[in-house]
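Next comes protein_17.csv, with CSV, C-alpha atoms.
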```
chain,number,residue,atom,x,y,z
A,20,MET,CA,0.3,-12.3,-1.0
A,21,ASP,CA,-2.1,-13.8,1.4
A,22,SER,CA,0.6,-13.7,4.0
A,23,ILE,CA,0.5,-9.8,4.1
A,24,ASN,CA,-1.6,-8.7,7.0
A,25,LEU,CA,-3.3,-5.7,5.4
A,26,SER,CA,-5.1,-4.5,8.5
A,27,HIS,CA,-1.8,-4.5,10.4
A,28,LEU,CA,-0.3,-2.6,7.5
A,29,GLN,CA,-3.2,-0.1,7.6
A,30,ARG,CA,-2.7,0.5,11.3
A,31,ARG,CA,1.0,1.1,10.8
A,32,ALA,CA,0.2,3.5,7.9
A,33,ARG,CA,-2.3,5.3,10.0
A,34,LEU,CA,0.3,5.8,12.8
A,35,ARG,CA,2.8,7.1,10.4
A,36,TYR,CA,0.2,9.5,8.9
A,37,GLU,CA,-0.7,10.9,12.3
A,38,ARG,CA,2.9,11.2,13.4
A,39,ALA,CA,3.8,13.0,10.2
A,40,ARG,CA,0.9,15.4,10.7
A,41,TRP,CA,2.1,16.2,14.3
A,42,VAL,CA,5.6,16.9,13.0
A,43,ARG,CA,4.3,19.0,10.1
A,44,GLY,CA,2.0,20.9,12.5
A,45,ALA,CA,4.8,21.6,14.9
A,46,LEU,CA,7.2,22.7,12.2
A,47,ALA,CA,4.5,24.9,10.5
A,48,PHE,CA,3.7,26.7,13.8
A,49,THR,CA,7.4,27.1,14.9
A,50,PRO,CA,7.5,30.8,13.8
A,51,ALA,CA,4.9,31.4,16.5
A,52,LEU,CA,7.6,30.7,19.1
A,53,VAL,CA,9.4,33.8,17.9
A,54,VAL,CA,6.3,35.8,18.9
A,55,VAL,CA,6.3,34.0,22.3
A,56,GLY,CA,9.9,34.9,22.8
A,57,VAL,CA,9.3,38.6,21.9
A,58,ALA,CA,6.2,38.7,24.2
A,59,ALA,CA,8.2,37.1,27.1
A,60,VAL,CA,11.0,39.7,26.7
A,61,LEU,CA,8.7,42.7,26.4
A,62,SER,CA,6.0,41.6,28.8
A,63,LYS,CA,5.9,42.7,32.4
A,64,ARG,CA,5.2,39.1,33.4
A,65,PRO,CA,7.5,36.9,31.4
A,66,SER,CA,6.4,33.7,33.2
A,67,SER,CA,2.7,34.3,32.4
A,68,ALA,CA,3.6,35.1,28.8
A,69,LEU,CA,5.7,31.9,28.5
A,70,VAL,CA,2.9,29.7,30.0
A,71,LEU,CA,0.3,31.2,27.8
A,72,GLY,CA,2.6,31.1,24.8
A,73,ALA,CA,3.2,27.4,25.4
A,74,LEU,CA,-0.5,26.8,25.7
A,75,MET,CA,-1.0,28.8,22.5
A,76,PHE,CA,1.7,26.8,20.7
A,77,ALA,CA,0.3,23.5,21.9
A,78,THR,CA,-3.2,24.5,20.8
A,79,GLY,CA,-2.0,25.6,17.4
A,80,VAL,CA,-0.1,22.4,16.8
A,81,THR,CA,-3.1,20.3,17.9
A,82,LEU,CA,-5.4,22.2,15.6
A,83,LEU,CA,-3.0,21.9,12.6
A,84,TRP,CA,-2.7,18.2,13.3
A,85,ARG,CA,-6.5,17.8,13.3
A,86,GLY,CA,-6.7,19.8,10.0
A,87,GLN,CA,-9.8,20.7,8.1
A,88,ALA,CA,-11.7,23.7,9.4
A,89,VAL,CA,-9.8,24.0,12.7
A,90,GLY,CA,-6.5,23.6,11.0
A,91,ARG,CA,-7.4,26.4,8.6
A,92,ALA,CA,-8.4,28.6,11.5
A,93,VAL,CA,-4.9,28.7,13.0
A,94,LEU,CA,-3.3,31.3,10.8
A,95,PRO,CA,-6.2,33.9,10.7
A,96,GLY,CA,-6.6,33.4,14.5
A,97,PHE,CA,-2.9,33.9,15.2
A,98,LEU,CA,-2.7,37.0,12.9
A,99,ALA,CA,-5.8,38.5,14.5
A,100,GLY,CA,-4.3,37.8,18.0
A,101,LEU,CA,-1.3,39.8,17.1
A,102,ILE,CA,-3.4,43.0,17.0
A,103,PRO,CA,-4.2,43.0,20.8
A,104,LEU,CA,-0.8,41.5,21.6
A,105,SER,CA,1.0,44.4,19.8
A,106,LEU,CA,-1.2,46.9,21.5
A,107,ALA,CA,-0.7,45.3,24.9
A,108,LEU,CA,3.1,45.1,24.5
A,109,TRP,CA,3.1,48.8,23.4
A,110,ALA,CA,1.1,49.7,26.4
A,111,ASN,CA,3.7,48.0,28.6
A,112,LEU,CA,6.3,50.4,27.4
A,113,THR,CA,4.1,53.6,28.0
A,114,HIS,CA,1.5,54.9,30.4
A,115,GLY,CA,-1.2,57.6,30.4
A,116,CYS,CA,-0.8,60.6,32.8
A,117,THR,CA,-3.5,63.1,33.6
A,118,GLY,CA,-2.2,65.7,36.0
A,119,ASP,CA,-0.3,64.0,38.8
A,120,HIS,CA,-2.0,60.7,38.2
A,121,CYS,CA,-0.5,58.0,35.8
A,122,SER,CA,-2.1,54.7,34.9
A,123,SER,CA,-1.3,51.7,32.7
A,124,LEU,CA,-2.8,51.6,29.3
A,125,CYS,CA,-2.7,47.8,29.2
A,126,LEU,CA,-6.4,47.2,30.0
A,127,PRO,CA,-7.8,49.7,27.4
A,128,ALA,CA,-5.2,48.4,24.9
A,129,CYS,CA,-6.4,44.8,25.4
A,130,ALA,CA,-10.0,45.8,25.2
A,131,VAL,CA,-9.6,47.7,22.0
A,132,GLY,CA,-7.3,45.1,20.6
A,133,GLY,CA,-9.8,42.4,21.5
A,134,VAL,CA,-12.6,44.2,19.6
A,135,ALA,CA,-10.3,44.4,16.6
A,136,ALA,CA,-9.3,40.8,16.8
A,137,GLY,CA,-12.9,39.7,17.3
A,138,LEU,CA,-14.0,41.7,14.3
A,139,ALA,CA,-11.1,40.3,12.2
A,140,VAL,CA,-11.8,36.7,13.1
A,141,SER,CA,-15.5,36.9,12.5
A,142,THR,CA,-15.1,38.8,9.2
A,143,VAL,CA,-12.6,36.2,7.9
A,144,ALA,CA,-14.9,33.3,9.0
A,145,LEU,CA,-17.9,34.9,7.4
A,146,ARG,CA,-16.1,35.7,4.2
A,147,LEU,CA,-14.7,32.1,3.9
A,148,ARG,CA,-18.2,30.7,4.9
A,149,GLN,CA,-16.6,28.6,7.5
A,150,GLY,CA,-18.5,26.5,10.1
A,151,TRP,CA,-18.5,26.8,13.9
A,152,ARG,CA,-15.3,24.7,14.2
A,153,PHE,CA,-13.4,27.4,12.3
A,154,TRP,CA,-14.9,30.2,14.5
A,155,LEU,CA,-14.0,28.3,17.7
A,156,GLY,CA,-10.5,27.4,16.6
A,157,ALA,CA,-9.7,30.9,15.4
A,158,ALA,CA,-11.1,32.5,18.5
A,159,ALA,CA,-9.1,30.2,20.8
A,160,ILE,CA,-5.8,30.8,19.0
A,161,SER,CA,-6.5,34.6,18.8
A,162,MET,CA,-7.3,34.8,22.5
A,163,LEU,CA,-4.3,32.8,23.6
A,164,THR,CA,-2.0,34.8,21.4
A,165,ALA,CA,-3.3,38.1,22.7
A,166,ALA,CA,-3.4,36.8,26.3
A,167,MET,CA,0.5,36.7,26.3
A,168,GLY,CA,0.5,40.5,26.3
A,169,CYS,CA,-2.8,41.1,28.2
A,170,ALA,CA,-1.5,39.3,31.3
A,171,CYS,CA,0.3,42.6,32.0
A,172,VAL,CA,-2.3,43.5,34.6
A,173,GLY,CA,-3.1,40.0,35.6
A,174,TYR,CA,-6.4,38.3,34.9
A,175,THR,CA,-8.1,41.7,34.5
A,176,GLY,CA,-6.2,42.3,31.3
A,177,VAL,CA,-7.3,38.9,30.0
A,178,LEU,CA,-10.9,39.6,31.0
A,179,GLY,CA,-10.7,42.9,29.2
A,180,LEU,CA,-9.4,41.2,26.2
A,181,GLY,CA,-12.2,38.6,26.4
A,182,ALA,CA,-14.9,41.3,26.7
A,183,GLY,CA,-13.5,43.2,23.8
A,184,PHE,CA,-13.2,40.1,21.7
A,185,SER,CA,-16.8,39.2,22.4
A,186,VAL,CA,-17.9,42.7,21.4
A,187,GLY,CA,-16.1,42.4,18.1
A,188,PHE,CA,-17.0,38.8,17.6
A,189,ALA,CA,-20.6,38.6,18.6
A,190,PRO,CA,-22.4,40.7,15.8
A,191,GLN,CA,-20.9,38.7,13.0
A,192,ALA,CA,-21.4,35.4,14.8
A,193,LEU,CA,-25.0,36.2,15.5
A,194,ARG,CA,-25.4,37.2,11.8
A,195,ARG,CA,-24.1,33.8,10.8
A,196,VAL,CA,-26.3,32.0,13.2
A,197,PHE,CA,-29.4,33.9,12.0
A,198,ALA,CA,-28.4,33.4,8.4
A,199,SER,CA,-28.1,29.7,8.8
A,200,THR,CA,-31.4,29.3,10.7
A,201,SER,CA,-33.4,31.4,8.2
B,24,MET,CA,-16.3,0.3,-2.6
B,25,PRO,CA,-14.3,3.4,-3.7
B,26,GLU,CA,-13.2,3.7,-7.3
B,27,LEU,CA,-9.8,4.7,-8.6
B,28,SER,CA,-11.3,7.8,-10.2
B,29,ASP,CA,-12.2,9.0,-6.7
B,30,LEU,CA,-8.6,8.9,-5.6
B,31,ASN,CA,-7.8,12.6,-6.3
B,32,GLU,CA,-10.7,13.8,-4.3
B,33,LEU,CA,-10.1,11.3,-1.5
B,34,PHE,CA,-6.4,12.2,-1.4
B,35,GLY,CA,-7.3,15.9,-1.2
B,36,ARG,CA,-9.5,15.2,1.8
B,37,LEU,CA,-6.8,13.1,3.5
B,38,ALA,CA,-4.2,15.9,2.9
B,39,ASP,CA,-6.7,18.3,4.6
B,40,GLY,CA,-7.0,16.0,7.6
B,41,ASP,CA,-10.2,14.2,6.9
B,42,ARG,CA,-9.6,10.8,8.5
B,43,ARG,CA,-12.6,9.2,6.9
B,44,ALA,CA,-10.7,9.2,3.6
B,45,PHE,CA,-7.9,7.1,5.0
B,46,THR,CA,-9.3,3.6,4.6
B,47,PRO,CA,-10.6,4.2,1.0
B,48,VAL,CA,-7.2,5.7,0.0
B,49,PHE,CA,-5.4,2.7,1.5
B,50,GLN,CA,-7.7,0.2,-0.2
B,51,LEU,CA,-7.3,2.0,-3.6
B,52,LEU,CA,-3.6,2.4,-3.4
B,53,TRP,CA,-2.5,-1.0,-2.3
B,54,PRO,CA,-3.1,-3.0,-5.6
B,55,PRO,CA,-1.4,-0.5,-8.0
B,56,THR,CA,1.5,-0.1,-5.5
B,57,LEU,CA,2.0,-3.9,-5.3
B,58,ARG,CA,1.8,-4.3,-9.0
B,59,LEU,CA,4.4,-1.6,-9.6
B,60,CYS,CA,6.8,-3.1,-7.0
B,61,ARG,CA,6.3,-6.6,-8.5
B,62,ARG,CA,7.4,-5.2,-11.9
B,63,MET,CA,10.4,-3.4,-10.4
B,64,MET,CA,11.7,-6.1,-8.0
B,65,PRO,CA,12.9,-9.5,-9.3
B,66,VAL,CA,12.0,-11.4,-6.1
B,67,GLU,CA,8.4,-11.7,-5.0
B,68,ALA,CA,9.2,-11.4,-1.3
B,69,ASP,CA,11.2,-8.2,-1.9
B,70,ALA,CA,8.3,-6.8,-4.0
B,71,SER,CA,5.9,-7.4,-1.2
B,72,ASP,CA,8.3,-5.7,1.3
B,73,ALA,CA,8.9,-2.8,-1.0
B,74,ALA,CA,5.1,-2.4,-1.6
B,75,GLN,CA,4.5,-2.2,2.1
B,76,ALA,CA,7.3,0.3,2.7
B,77,ALA,CA,6.1,2.3,-0.2
B,78,LEU,CA,2.5,2.5,1.0
B,79,LEU,CA,3.7,3.5,4.4
B,80,ARG,CA,5.8,6.3,2.9
B,81,ILE,CA,2.9,7.5,0.6
B,82,LEU,CA,0.5,7.8,3.5
B,83,GLU,CA,3.1,9.4,5.7
B,84,ARG,CA,3.5,12.1,3.0
B,85,ALA,CA,-0.3,12.3,2.3
B,86,SER,CA,-0.5,15.8,3.9
B,87,GLU,CA,2.0,17.1,1.3
B,88,TYR,CA,-0.2,16.1,-1.6
B,89,ASP,CA,-1.1,19.0,-3.8
B,90,ARG,CA,-4.7,18.6,-4.8
B,91,HIS,CA,-4.1,20.2,-8.2
B,92,ARG,CA,-2.0,17.3,-9.3
B,93,PRO,CA,-3.3,13.8,-10.1
B,94,ALA,CA,-2.9,11.6,-7.0
B,95,LEU,CA,-2.0,8.2,-8.6
B,96,PRO,CA,1.1,9.3,-10.5
B,97,TRP,CA,2.3,11.2,-7.4
B,98,ALA,CA,1.8,8.2,-5.2
B,99,LEU,CA,3.4,5.8,-7.6
B,100,GLY,CA,6.3,8.1,-8.0
B,101,ILE,CA,7.0,7.8,-4.3
B,102,ALA,CA,6.5,4.0,-4.6
B,103,SER,CA,8.9,3.6,-7.5
B,104,TRP,CA,11.5,5.6,-5.6
B,105,GLU,CA,11.0,3.4,-2.5
B,106,CYS,CA,11.4,0.2,-4.7
B,107,ARG,CA,14.5,1.6,-6.3
B,108,THR,CA,16.0,2.3,-2.9
B,109,LEU,CA,15.2,-1.1,-1.5
B,110,ARG,CA,16.6,-2.8,-4.7
B,111,LYS,CA,19.8,-0.9,-4.3
B,112,ARG,CA,20.0,-1.8,-0.6
B,113,ASN,CA,19.5,-5.5,-1.5
B,114,GLU,CA,22.1,-5.3,-4.2
B,115,ARG,CA,24.6,-3.8,-1.7
B,116,LEU,CA,23.8,-6.4,0.9
B,117,HIS,CA,24.3,-9.2,-1.7
B,118,GLU,CA,27.7,-7.7,-2.7
B,119,THR,CA,28.7,-7.6,1.0
B,120,SER,CA,27.7,-11.2,1.7
B,121,GLU,CA,29.6,-12.3,-1.4
B,122,SER,CA,32.8,-10.5,-0.1
B,123,THR,CA,32.4,-12.2,3.4
B,124,PRO,CA,32.0,-15.9,2.8
B,125,GLU,CA,32.8,-16.5,6.5
B,126,SER,CA,29.2,-15.6,7.4
B,127,ASP,CA,26.8,-18.4,8.1
B,128,ASP,CA,24.5,-17.5,5.2
B,129,GLY,CA,27.4,-17.3,2.8
B,130,ALA,CA,28.8,-20.6,4.0
B,131,SER,CA,25.5,-22.5,3.6
B,132,ALA,CA,25.0,-21.0,0.2
B,133,GLU,CA,28.5,-22.1,-0.8
B,134,ALA,CA,27.9,-25.6,0.5
B,135,GLN,CA,24.6,-25.8,-1.4
B,136,GLU,CA,26.4,-24.7,-4.6
B,137,GLN,CA,29.1,-27.4,-4.1
B,138,HIS,CA,26.5,-30.0,-3.5
B,139,ASP,CA,24.7,-29.0,-6.7
B,140,LEU,CA,27.9,-29.1,-8.7
B,141,ILE,CA,28.8,-32.6,-7.5
B,142,ALA,CA,25.3,-33.8,-8.3
B,143,ALA,CA,25.6,-32.3,-11.7
B,144,ALA,CA,29.0,-33.9,-12.3
B,145,ILE,CA,27.7,-37.3,-11.2
B,146,GLU,CA,24.8,-36.9,-13.6
B,147,ALA,CA,27.2,-36.0,-16.4
B,148,MET,CA,29.4,-39.0,-15.5
B,149,GLY,CA,26.4,-41.2,-15.9
B,150,THR,CA,26.1,-40.4,-19.6
B,151,LEU,CA,29.7,-41.5,-20.3
B,152,ALA,CA,30.8,-44.8,-21.7
B,153,PRO,CA,32.0,-47.4,-19.0
B,154,ILE,CA,35.6,-47.1,-20.2
B,155,ASP,CA,35.6,-43.3,-19.7
B,156,ARG,CA,34.0,-43.6,-16.3
B,157,GLU,CA,36.6,-46.2,-15.2
B,158,THR,CA,39.4,-44.0,-16.5
B,159,LEU,CA,38.2,-40.9,-14.6
B,160,LEU,CA,37.4,-42.8,-11.4
B,161,SER,CA,40.8,-44.5,-11.3
B,162,THR,CA,42.5,-41.1,-11.9
B,163,TYR,CA,40.4,-39.5,-9.2
B,164,TRP,CA,41.1,-42.3,-6.6
B,165,GLU,CA,44.7,-42.8,-7.9
B,166,THR,CA,44.1,-46.5,-8.3
B,167,ALA,CA,45.5,-48.8,-11.0
B,168,SER,CA,43.9,-48.7,-14.4
B,169,THR,CA,43.8,-51.3,-17.2
B,170,ALA,CA,46.0,-49.0,-19.2
B,171,SER,CA,49.2,-47.1,-18.4
B,172,GLY,CA,51.6,-44.6,-19.8
B,173,ALA,CA,50.6,-42.7,-23.0
B,174,THR,CA,47.5,-44.8,-23.5
B,175,LEU,CA,46.2,-43.9,-20.1
B,176,ARG,CA,47.0,-40.2,-20.7
B,177,LYS,CA,45.1,-40.3,-24.1
B,178,ARG,CA,42.1,-42.1,-22.5
B,179,ARG,CA,42.1,-39.6,-19.6
B,180,ALA,CA,42.2,-36.7,-22.0
B,181,ARG,CA,39.4,-38.1,-24.1
B,182,ALA,CA,37.3,-39.0,-21.1
B,183,LEU,CA,37.7,-35.5,-19.7
B,184,THR,CA,36.7,-33.9,-23.0
B,185,ARG,CA,33.6,-36.1,-23.1
B,186,LEU,CA,32.7,-35.3,-19.5
B,187,ARG,CA,33.1,-31.6,-20.3
B,188,ASN,CA,30.9,-31.9,-23.4
B,189,ALA,CA,28.3,-33.9,-21.4
B,190,PHE,CA,28.3,-31.2,-18.7
B,191,ARG,CA,27.9,-28.5,-21.3
B,192,ARG,CA,25.1,-30.4,-23.0
B,193,LEU,CA,23.3,-31.0,-19.8
B,194,TYR,CA,23.8,-27.6,-18.0
B,195,GLY,CA,24.9,-25.3,-20.7
B,196,LEU,CA,28.2,-24.4,-18.9
B,197,ASP,CA,31.6,-25.7,-18.1
```
Using structure tokens, write down the structure from this file.
Amino acid sequence: MDSINLSHLQRRARLRYERARWVRGALAFTPALVVVGVAAVLSKRPSSALVLGALMFATGVTLLWRGQAVGRAVLPGFLAGLIPLSLALWANLTHGCTGDHCSSLCLPACAVGGVAAGLAVSTVALRLRQGWRFWLGAAAISMLTAAMGCACVGYTGVLGLGAGFSVGFAPQALRRVFASTS
Amino acid sequence: MPELSDLNELFGRLADGDRRAFTPVFQLLWPPTLRLCRRMMPVEADASDAAQAALLRILERASEYDRHRPALPWALGIASWECRTLRKRNERLHETSESTPESDDGASAEAQEQHDLIAAAIEAMGTLAPIDRETLLSTYWETASTASGATLRKRRARALTRLRNAFRRLYGLD
């Protein structure tokens, strides 16, 4: 048995382990591609939705591959991101008119949805007593998911989403920071 | 050095993506996997191959591990399946090589077998009386013998029976 090179075997096993995690992550996150497709069809800017969707998918798969806290953050982040995405896609189909002036509801929908998503992510993270990796992972996936719809008015929509998200996210995040320092 | 009792916890961490648990899990799993494969595979080299393949498979599937189940039986279940698969593959290969003697490996094995049989026959011949040896050799080489006719046939029959008995006594087969 001395002829068996165990360190070589361990390296091979590690490669297999990592490869299996990539495949598993990609398969687990495949349903998100349906959301990307729906967002691309309903969005005013399908190319932006597709680019952001691809980025969201790649980020999600990477986080699932890494596992632990960031892996656990993917599902809550994605679900939270669906709130502003749904609102933004709904806003694409309608508009608000006052008198003879009509305007898109995309920006307010993204801002309001962002607040809701930020609150959702921070509440889940706080309830589950997760560390900063979970907060970051969930926030990233949530923002990228929502950004597919919020690109309806260009970067302004994404900025509105970010501002809303920060408003919803910050209080709980600060609460956690102060709780951990005291 | 990690203990086997830590395996459940370590496997749970590895399934969750904690890479620091990888080396301890590898170190803990290798000896029982090798032992299992040695019990299941008749040839040592095959057992070693099977154990390596099994360990690769176990660690490939580490993320599927359910932390509510004991890790060692789960891992050894995968290993035994891997050993069984390899054993069946080897048996199929063996059957194929037997049915195609034209192959190089088959021909050399057959030549070796022939060589062993001749050596065994010569060994058995050495135990016979000189008269029996002479009778068999003259029959083989078709040379003239001291006897002829019915006497030669009887001598030949007796010598062959003694050679067969000697062969059976020495090697336990005809």
Report task. Counting only C-alpha atoms, note down every residue that has an atom within 10 Å of the point (6.5, 40.9, 28.1) (file coordinates), as a VMD selection string. Result -> chain A and resid 55 to 69 104 107 to 109 111 to 112 167 to 171
Would you write out those residues with C-alpha atoms, as a PDB file, keeping the file's coordinate frame?
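Dumped everything to result-v5.pdb:
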```pdb
ATOM      1  CA  VAL A  55       6.300  34.000  22.300  1.00  0.00           C
ATOM      2  CA  GLY A  56       9.900  34.900  22.800  1.00  0.00           C
ATOM      3  CA  VAL A  57       9.300  38.600  21.900  1.00  0.00           C
ATOM      4  CA  ALA A  58       6.200  38.700  24.200  1.00  0.00           C
ATOM      5  CA  ALA A  59       8.200  37.100  27.100  1.00  0.00           C
ATOM      6  CA  VAL A  60      11.000  39.700  26.700  1.00  0.00           C
ATOM      7  CA  LEU A  61       8.700  42.700  26.400  1.00  0.00           C
ATOM      8  CA  SER A  62       6.000  41.600  28.800  1.00  0.00           C
ATOM      9  CA  LYS A  63       5.900  42.700  32.400  1.00  0.00           C
ATOM     10  CA  ARG A  64       5.200  39.100  33.400  1.00  0.00           C
ATOM     11  CA  PRO A  65       7.500  36.900  31.400  1.00  0.00           C
ATOM     12  CA  SER A  66       6.400  33.700  33.200  1.00  0.00           C
ATOM     13  CA  SER A  67       2.700  34.300  32.400  1.00  0.00           C
ATOM     14  CA  ALA A  68       3.600  35.100  28.800  1.00  0.00           C
ATOM     15  CA  LEU A  69       5.700  31.900  28.500  1.00  0.00           C
ATOM     16  CA  LEU A 104      -0.800  41.500  21.600  1.00  0.00           C
ATOM     17  CA  ALA A 107      -0.700  45.300  24.900  1.00  0.00           C
ATOM     18  CA  LEU A 108       3.100  45.100  24.500  1.00  0.00           C
ATOM     19  CA  TRP A 109       3.100  48.800  23.400  1.00  0.00           C
ATOM     20  CA  ASN A 111       3.700  48.000  28.600  1.00  0.00           C
ATOM     21  CA  LEU A 112       6.300  50.400  27.400  1.00  0.00           C
ATOM     22  CA  MET A 167       0.500  36.700  26.300  1.00  0.00           C
ATOM     23  CA  GLY A 168       0.500  40.500  26.300  1.00  0.00           C
ATOM     24  CA  CYS A 169      -2.800  41.100  28.200  1.00  0.00           C
ATOM     25  CA  ALA A 170      -1.500  39.300  31.300  1.00  0.00           C
ATOM     26  CA  CYS A 171       0.300  42.600  32.000  1.00  0.00           C
TER      27      CYS A 171
END
```
Query raised in the report: Residues at most 8 Å from range 182-185 of chain B, counting all atoms listed in the file, excluding those fewer than 3 positions away in the same chain, as a ChimeraX atom specification?
Result: /B:151,155-156,158-159,178-179,188-189
Requested in this report: Tell me, as number ranges by chain, which residues lie within 8 Å of Leu95 in chain B, counting only C-alpha atoms; anything in the same chain fewer than 4 positions away does not count.
Outcome: B: 30-31, 52, 99
For the residues in that selection, give me C-alpha atoms as a PDB file, keeping the file's coordinate frame.
```
ATOM      1  CA  LEU B  30      -8.600   8.900  -5.600  1.00  0.00           C
ATOM      2  CA  ASN B  31      -7.800  12.600  -6.300  1.00  0.00           C
ATOM      3  CA  LEU B  52      -3.600   2.400  -3.400  1.00  0.00           C
ATOM      4  CA  LEU B  99       3.400   5.800  -7.600  1.00  0.00           C
TER       5      LEU B  99
END
```
Spatial neighbours of Phe188 in chain A, max dist 7 Å, all atoms listed in the file, sep filter under 4 positions, as a PDB file with C-alpha atoms, keeping the file's coordinate frame:
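Result file is around-v8.pdb:
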```pdb
ATOM      1  CA  GLY A 137     -12.900  39.700  17.300  1.00  0.00           C
ATOM      2  CA  LEU A 138     -14.000  41.700  14.300  1.00  0.00           C
ATOM      3  CA  SER A 141     -15.500  36.900  12.500  1.00  0.00           C
ATOM      4  CA  PHE A 184     -13.200  40.100  21.700  1.00  0.00           C
ATOM      5  CA  ALA A 192     -21.400  35.400  14.800  1.00  0.00           C
TER       6      ALA A 192
END
```
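Distances to chain B were evaluated for A:Gly72, A:Gly86, A:Gly183, A:Pro103 using all atoms listed in the file, and the minimum falls at A:Gly86.
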Requested in this report: Give as a PyMOL selection string every residue of chain A that touches chain B within 12 Å, counting only C-alpha atoms.
Outcome: chain A and resi 20-44+81-91
Query raised in the report: Mind pulling up the distance from CA of Val80 in chain A to CA of Val140 in chain A?
Result: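 CA of Val80 in chain A lies 18.8 Å from CA of Val140 in chain A.
If you measure from each of A:Ile102, A:Ala198, A:Leu155, A:Leu163 to Ala136 in chain A using all atoms listed in the file, the closest one turns out to be A:Ile102.
Pairwise distance (CA of Ala99 in chain A, CA of Ser123 in chain A) equals 22.9 Å.
As for CA of Ala77 in chain B and CA of Glu105 in chain B, they are spaced 5.5 Å apart.
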With all heavy atoms as the goal, would you fill in the gaps in range 111-116 of chain B and present it as a PDB file, keeping the file's coordinate frame?
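Heads up, here's the output in out-v5.pdb:
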```pdb
ATOM      1  N   LYS B 111      18.410  -1.252  -4.461  1.00  0.00           N
ATOM      2  CA  LYS B 111      19.800  -0.900  -4.300  1.00  0.00           C
ATOM      3  C   LYS B 111      20.387  -1.410  -3.007  1.00  0.00           C
ATOM      4  O   LYS B 111      21.508  -1.893  -2.944  1.00  0.00           O
ATOM      5  CB  LYS B 111      19.998   0.618  -4.427  1.00  0.00           C
ATOM      6  CG  LYS B 111      19.960   1.111  -5.849  1.00  0.00           C
ATOM      7  CD  LYS B 111      20.303   2.563  -5.922  1.00  0.00           C
ATOM      8  CE  LYS B 111      20.252   3.033  -7.369  1.00  0.00           C
ATOM      9  NZ  LYS B 111      20.267   4.471  -7.479  1.00  0.00           N
ATOM     10  N   ARG B 112      19.568  -1.308  -1.962  1.00  0.00           N
ATOM     11  CA  ARG B 112      20.000  -1.800  -0.600  1.00  0.00           C
ATOM     12  C   ARG B 112      20.253  -3.299  -0.693  1.00  0.00           C
ATOM     13  O   ARG B 112      21.256  -3.798  -0.187  1.00  0.00           O
ATOM     14  CB  ARG B 112      18.967  -1.449   0.415  1.00  0.00           C
ATOM     15  CG  ARG B 112      19.488  -1.578   1.853  1.00  0.00           C
ATOM     16  CD  ARG B 112      18.375  -1.396   2.848  1.00  0.00           C
ATOM     17  NE  ARG B 112      17.683  -0.132   2.678  1.00  0.00           N
ATOM     18  CZ  ARG B 112      16.414   0.085   3.045  1.00  0.00           C
ATOM     19  NH1 ARG B 112      15.695  -0.885   3.563  1.00  0.00           N
ATOM     20  NH2 ARG B 112      15.870   1.260   2.897  1.00  0.00           N
ATOM     21  N   ASN B 113      19.334  -4.018  -1.338  1.00  0.00           N
ATOM     22  CA  ASN B 113      19.500  -5.500  -1.500  1.00  0.00           C
ATOM     23  C   ASN B 113      20.725  -5.837  -2.258  1.00  0.00           C
ATOM     24  O   ASN B 113      21.438  -6.790  -1.921  1.00  0.00           O
ATOM     25  CB  ASN B 113      18.246  -6.080  -2.125  1.00  0.00           C
ATOM     26  CG  ASN B 113      17.067  -6.112  -1.187  1.00  0.00           C
ATOM     27  OD1 ASN B 113      17.210  -5.837  -0.002  1.00  0.00           O
ATOM     28  ND2 ASN B 113      15.890  -6.408  -1.704  1.00  0.00           N
ATOM     29  N   GLU B 114      20.960  -5.069  -3.336  1.00  0.00           N
ATOM     30  CA  GLU B 114      22.100  -5.300  -4.200  1.00  0.00           C
ATOM     31  C   GLU B 114      23.420  -5.119  -3.345  1.00  0.00           C
ATOM     32  O   GLU B 114      24.363  -5.910  -3.432  1.00  0.00           O
ATOM     33  CB  GLU B 114      22.151  -4.424  -5.381  1.00  0.00           C
ATOM     34  CG  GLU B 114      21.196  -4.902  -6.475  1.00  0.00           C
ATOM     35  CD  GLU B 114      20.984  -3.867  -7.559  1.00  0.00           C
ATOM     36  OE1 GLU B 114      21.660  -2.812  -7.524  1.00  0.00           O
ATOM     37  OE2 GLU B 114      20.120  -4.100  -8.423  1.00  0.00           O
ATOM     38  N   ARG B 115      23.428  -4.059  -2.550  1.00  0.00           N
ATOM     39  CA  ARG B 115      24.600  -3.800  -1.700  1.00  0.00           C
ATOM     40  C   ARG B 115      24.807  -4.905  -0.697  1.00  0.00           C
ATOM     41  O   ARG B 115      25.921  -5.362  -0.475  1.00  0.00           O
ATOM     42  CB  ARG B 115      24.446  -2.443  -0.992  1.00  0.00           C
ATOM     43  CG  ARG B 115      24.929  -1.263  -1.817  1.00  0.00           C
ATOM     44  CD  ARG B 115      25.209  -0.086  -0.920  1.00  0.00           C
ATOM     45  NE  ARG B 115      24.025   0.336  -0.174  1.00  0.00           N
ATOM     46  CZ  ARG B 115      23.112   1.188  -0.641  1.00  0.00           C
ATOM     47  NH1 ARG B 115      23.254   1.694  -1.842  1.00  0.00           N
ATOM     48  NH2 ARG B 115      22.066   1.531   0.079  1.00  0.00           N
ATOM     49  N   LEU B 116      23.695  -5.349  -0.108  1.00  0.00           N
ATOM     50  CA  LEU B 116      23.800  -6.400   0.900  1.00  0.00           C
ATOM     51  C   LEU B 116      24.315  -7.706   0.229  1.00  0.00           C
ATOM     52  O   LEU B 116      25.128  -8.410   0.806  1.00  0.00           O
ATOM     53  CB  LEU B 116      22.386  -6.725   1.453  1.00  0.00           C
ATOM     54  CG  LEU B 116      21.935  -5.860   2.616  1.00  0.00           C
ATOM     55  CD1 LEU B 116      20.497  -6.188   2.976  1.00  0.00           C
ATOM     56  CD2 LEU B 116      22.826  -6.100   3.831  1.00  0.00           C
TER      57      LEU B 116
END
```
